[in-house]
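K.L.:
Just dropping this structure here.
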Amino acid sequence: GTGGVAKVQLDRQTTARHLLKLQDSEEEPDRLALTEAIHGLLRVLWSGRWQVISPKAFVHAVWAHGGLFAARRQQDASEFLGFVLDRLDDELSPLNTPEEEGGDAKKKSTWPGTVLTDLFGIEQKQEVTCDDCGTKTVRTEPLLGLYLSLPPQQGRRKPVTLEECLDYLTASERLTGDNRFHCDKCNSDTEATKTIALGRRPQTLLFSFRRTLWTKKKGLHKDERKVTFPLDFDASSLLSGHDGGEEDADCHYRLAAIVSHSGSSPQHGHYIAWCRVTAWSHVSSVADLSRRSISDGGKWYLFNDSTVTPAEESEVLNAEAFILLYERMRGPETDDVPMVGG
């Protein structure tokens, strides 16, 4: 098709293959398969030249390298998103040569992370305290978003809040009975207390809800309880384990997108999405994204297969939350400007 000039000009130096110096490498021809497919898709989206885009290259890349997702059948949206993010993170992680590692096989280098870490990265710190000796065993795990279970249902089914799901995730847990903790210092299984703290404040907060359950009575079924969520979310207390310094004290996020699933079973149904589309002005390069280039707070649209229609805020807040995506804001004084860059 034809159209106007691209809104953002991306040169060859922005490609992952160039940055990882793999232009002429034939050792791993498919190493960046998904990255290159998404890179091409983003270039087309940013160009603004087409009203409708069919992401065929991306879909074929998933079919070719998606393992479980290679099958052409309905998949769980949260699991698929997790696969895409993990695969991109793996592809963009540099590999050291055997000479650099002093070994025979390539290994991932030790480094702070990829662009996926900047966008979605959260650190989960699990601390287990032994009742007998008081020793604290700490394990830190990097995550690309949070997978949240809904709190156990008490009596009559009623809505739960996003905050309740987060509290359930971070609640302390007693390790007793068959679930006792093996303490290395005591060299035995002991009773203990486990706590979870979250750190690091990414540009985007990604929440996925575990709605697929299995019970002896119902078998495999979907948890259809309504989860209420805010348009604006203060994550300061949630991400309290962060050591970002004074300039990182503010931690406010605004809802940017929601994925919803219609259908009573996790094995079939239909996915739709609501997205907040922001009006951009004077964006001519990637560097401009860090400037005040948004003219308003954005408008909501419903994306239903090939149909896109305007949506009201009330529709979004009443949707069944399957995946929530929050965009970090700079602060109250620049409330409509998302945080882009370091």
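Identifiers in this document derive from the order of the structure tokens: chains are assigned A, B, ..., residues are numbered from 1 separately in each chain, and ligands are numbered from 1 in order of occurrence.
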DSSP on the backbone: what in segment 34-266 of chain A comes out strand (DSSP E), as a PyMOL selection string?

P.N.:
chain A and resi 95-96+107-108+121-130+136-144+146-149+160-161+173-175+181-183+188-190+192-199+204-210+212-215+219-222+227-228+232-234+252-262

K.L.:
Hey, can you spit out that residue selection with C-alpha atoms as a PDB file, in the first residue's frame?

P.N.:
ATOM      1  CA  LEU A  95      25.990 -15.366  24.081  1.00  0.00           C
ATOM      2  CA  ASN A  96      29.662 -15.475  25.000  1.00  0.00           C
ATOM      3  CA  LYS A 107      26.602 -19.886  27.694  1.00  0.00           C
ATOM      4  CA  LYS A 108      24.550 -16.835  28.502  1.00  0.00           C
ATOM      5  CA  GLY A 121      11.092  -6.983  34.597  1.00  0.00           C
ATOM      6  CA  ILE A 122      10.207  -7.552  38.272  1.00  0.00           C
ATOM      7  CA  GLU A 123      12.363  -9.242  40.907  1.00  0.00           C
ATOM      8  CA  GLN A 124      10.646 -11.661  43.248  1.00  0.00           C
ATOM      9  CA  LYS A 125      12.543 -12.237  46.503  1.00  0.00           C
ATOM     10  CA  GLN A 126      11.512 -15.315  48.453  1.00  0.00           C
ATOM     11  CA  GLU A 127      12.761 -15.474  52.031  1.00  0.00           C
ATOM     12  CA  VAL A 128      12.370 -18.578  54.219  1.00  0.00           C
ATOM     13  CA  THR A 129      13.130 -18.305  57.945  1.00  0.00           C
ATOM     14  CA  CYS A 130      13.855 -21.504  59.848  1.00  0.00           C
ATOM     15  CA  LYS A 136      17.129 -16.898  56.485  1.00  0.00           C
ATOM     16  CA  THR A 137      17.384 -18.497  53.063  1.00  0.00           C
ATOM     17  CA  VAL A 138      16.854 -15.986  50.260  1.00  0.00           C
ATOM     18  CA  ARG A 139      16.233 -16.699  46.596  1.00  0.00           C
ATOM     19  CA  THR A 140      15.693 -13.962  43.997  1.00  0.00           C
ATOM     20  CA  GLU A 141      13.935 -14.753  40.746  1.00  0.00           C
ATOM     21  CA  PRO A 142      13.590 -12.393  37.756  1.00  0.00           C
ATOM     22  CA  LEU A 143      10.083 -12.274  36.301  1.00  0.00           C
ATOM     23  CA  LEU A 144       8.561 -10.712  33.191  1.00  0.00           C
ATOM     24  CA  LEU A 146       3.186 -11.403  37.537  1.00  0.00           C
ATOM     25  CA  TYR A 147       0.874 -14.412  37.358  1.00  0.00           C
ATOM     26  CA  LEU A 148      -1.825 -13.982  39.981  1.00  0.00           C
ATOM     27  CA  SER A 149      -4.104 -16.589  41.526  1.00  0.00           C
ATOM     28  CA  VAL A 160     -12.304  -9.816  44.241  1.00  0.00           C
ATOM     29  CA  THR A 161      -9.980  -6.862  43.754  1.00  0.00           C
ATOM     30  CA  GLU A 173       3.084 -18.808  54.446  1.00  0.00           C
ATOM     31  CA  ARG A 174       3.792 -21.348  57.148  1.00  0.00           C
ATOM     32  CA  LEU A 175       5.755 -24.401  55.989  1.00  0.00           C
ATOM     33  CA  PHE A 181      11.497 -26.660  54.707  1.00  0.00           C
ATOM     34  CA  HIS A 182      14.890 -28.354  54.494  1.00  0.00           C
ATOM     35  CA  CYS A 183      17.307 -26.112  56.386  1.00  0.00           C
ATOM     36  CA  SER A 188      16.966 -31.422  58.582  1.00  0.00           C
ATOM     37  CA  ASP A 189      13.391 -30.654  57.596  1.00  0.00           C
ATOM     38  CA  THR A 190      12.064 -27.928  59.863  1.00  0.00           C
ATOM     39  CA  ALA A 192       9.548 -22.305  58.698  1.00  0.00           C
ATOM     40  CA  THR A 193       7.895 -19.113  57.483  1.00  0.00           C
ATOM     41  CA  LYS A 194       8.063 -18.048  53.842  1.00  0.00           C
ATOM     42  CA  THR A 195       7.603 -14.450  52.724  1.00  0.00           C
ATOM     43  CA  ILE A 196       7.646 -12.888  49.273  1.00  0.00           C
ATOM     44  CA  ALA A 197       8.721  -9.344  48.402  1.00  0.00           C
ATOM     45  CA  LEU A 198       8.701  -7.722  44.985  1.00  0.00           C
ATOM     46  CA  GLY A 199      11.271  -5.264  43.715  1.00  0.00           C
ATOM     47  CA  THR A 204       5.086  -1.712  32.244  1.00  0.00           C
ATOM     48  CA  LEU A 205       3.287  -3.756  34.899  1.00  0.00           C
ATOM     49  CA  LEU A 206       1.843  -6.947  33.459  1.00  0.00           C
ATOM     50  CA  PHE A 207      -0.715  -8.916  35.485  1.00  0.00           C
ATOM     51  CA  SER A 208      -2.069 -12.262  34.255  1.00  0.00           C
ATOM     52  CA  PHE A 209      -4.780 -14.074  36.197  1.00  0.00           C
ATOM     53  CA  ARG A 210      -4.831 -17.840  36.650  1.00  0.00           C
ATOM     54  CA  THR A 212      -8.037 -22.270  34.919  1.00  0.00           C
ATOM     55  CA  LEU A 213      -8.717 -24.509  37.924  1.00  0.00           C
ATOM     56  CA  TRP A 214      -9.129 -28.207  38.590  1.00  0.00           C
ATOM     57  CA  THR A 215     -11.149 -29.736  41.399  1.00  0.00           C
ATOM     58  CA  GLY A 219     -12.781 -31.164  36.989  1.00  0.00           C
ATOM     59  CA  LEU A 220     -11.089 -28.619  34.673  1.00  0.00           C
ATOM     60  CA  HIS A 221     -13.063 -25.388  34.803  1.00  0.00           C
ATOM     61  CA  LYS A 222     -12.770 -21.627  34.622  1.00  0.00           C
ATOM     62  CA  VAL A 227     -11.787  -9.027  39.352  1.00  0.00           C
ATOM     63  CA  THR A 228     -12.113  -5.280  39.891  1.00  0.00           C
ATOM     64  CA  ASP A 232      -4.615   4.336  38.013  1.00  0.00           C
ATOM     65  CA  PHE A 233      -2.484   2.123  40.225  1.00  0.00           C
ATOM     66  CA  ASP A 234       0.039   3.165  42.873  1.00  0.00           C
ATOM     67  CA  HIS A 252       2.313   5.328  39.573  1.00  0.00           C
ATOM     68  CA  TYR A 253       0.890   3.368  36.663  1.00  0.00           C
ATOM     69  CA  ARG A 254      -2.068   3.866  34.325  1.00  0.00           C
ATOM     70  CA  LEU A 255      -4.097   1.111  32.696  1.00  0.00           C
ATOM     71  CA  ALA A 256      -3.186   0.805  29.010  1.00  0.00           C
ATOM     72  CA  ALA A 257      -4.763  -2.471  27.892  1.00  0.00           C
ATOM     73  CA  ILE A 258      -6.868  -5.395  29.049  1.00  0.00           C
ATOM     74  CA  VAL A 259      -7.406  -8.826  27.542  1.00  0.00           C
ATOM     75  CA  SER A 260     -10.711 -10.549  28.271  1.00  0.00           C
ATOM     76  CA  HIS A 261     -12.019 -14.057  27.615  1.00  0.00           C
ATOM     77  CA  SER A 262     -15.644 -14.812  26.868  1.00  0.00           C
TER      78      SER A 262
END

K.L.:
Could you pull the residues within 7 Å of Asp89 of chain A, counting only C-alpha atoms, minus those fewer than 3 positions along the same chain, as number ranges by chain?

P.N.:
A: 85-86, 92-93, 114, 116

K.L.:
For the selection just defined, write its residues with all heavy atoms to a file, as a compact mmCIF listing (two decimals), in the first residue's frame.

P.N.:
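The resulting file, result_8.txt, is shown below:
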# COMPACT_ATOMS: atom_id res chain seq x y z
N LEU A 85 7.27 -13.51 25.53
CA LEU A 85 8.21 -12.69 26.28
C LEU A 85 9.46 -13.47 26.65
O LEU A 85 10.59 -12.95 26.54
CB LEU A 85 7.53 -12.14 27.54
CG LEU A 85 6.36 -11.18 27.32
CD1 LEU A 85 5.80 -10.71 28.66
CD2 LEU A 85 6.78 -9.99 26.47
N ASP A 86 9.30 -14.71 27.09
CA ASP A 86 10.46 -15.53 27.45
C ASP A 86 11.33 -15.83 26.24
O ASP A 86 12.56 -15.80 26.32
CB ASP A 86 10.01 -16.83 28.10
CG ASP A 86 9.47 -16.63 29.51
OD1 ASP A 86 9.75 -15.56 30.11
OD2 ASP A 86 8.75 -17.51 30.01
N LEU A 92 17.34 -12.27 22.75
CA LEU A 92 18.07 -11.02 22.87
C LEU A 92 19.18 -11.07 23.91
O LEU A 92 19.92 -10.10 24.07
CB LEU A 92 17.10 -9.87 23.21
CG LEU A 92 16.12 -9.52 22.10
CD1 LEU A 92 15.08 -8.53 22.60
CD2 LEU A 92 16.86 -8.95 20.89
N SER A 93 19.30 -12.18 24.62
CA SER A 93 20.39 -12.31 25.60
C SER A 93 21.66 -12.69 24.86
O SER A 93 21.70 -13.73 24.19
CB SER A 93 20.05 -13.39 26.63
OG SER A 93 18.91 -13.03 27.37
N THR A 114 17.72 -7.77 29.22
CA THR A 114 17.47 -7.25 27.89
C THR A 114 16.46 -6.11 27.97
O THR A 114 16.04 -5.69 29.05
CB THR A 114 16.91 -8.37 26.99
OG1 THR A 114 15.59 -8.71 27.46
CG2 THR A 114 17.79 -9.61 27.04
N LEU A 116 13.51 -6.45 27.39
CA LEU A 116 12.32 -7.02 28.04
C LEU A 116 12.36 -6.78 29.54
O LEU A 116 11.32 -6.58 30.18
CB LEU A 116 12.24 -8.52 27.75
CG LEU A 116 11.59 -8.99 26.44
CD1 LEU A 116 10.16 -8.52 26.34
CD2 LEU A 116 12.40 -8.56 25.24

K.L.:
Find the distance between atom CA of Leu239 of chain A and atom CA of Ile272 of chain A and write it in Å to one decimal.

P.N.:
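One can read the atom CA of Leu239 of chain A to atom CA of Ile272 of chain A distance as 29.3 Å.
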
K.L.:
Using only C-alpha atoms, can you tell me which of A:Asp167, A:Asp305, A:Ile38, A:Phe83 comes closest to Pro55 of chain A?

P.N.:
A:Ile38

K.L.:
A:Leu41, A:Cys275, A:Leu32, A:Leu119: which is nearest Ser54 of chain A, counting only C-alpha atoms?

P.N.:
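Among A:Leu41, A:Cys275, A:Leu32, A:Leu119, it is A:Leu41 that comes nearest to Ser54 of chain A.
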
K.L.:
Work out how far atom CA of Gly298 of chain A is from atom CA of Gly263 of chain A, in Å to one decimal.

P.N.:
29.2 Å

K.L.:
Just the number, please: distance in Å from atom CA of Ala61 of chain A to atom CA of Phe80 of chain A, one decimal.

P.N.:
13.3 Å
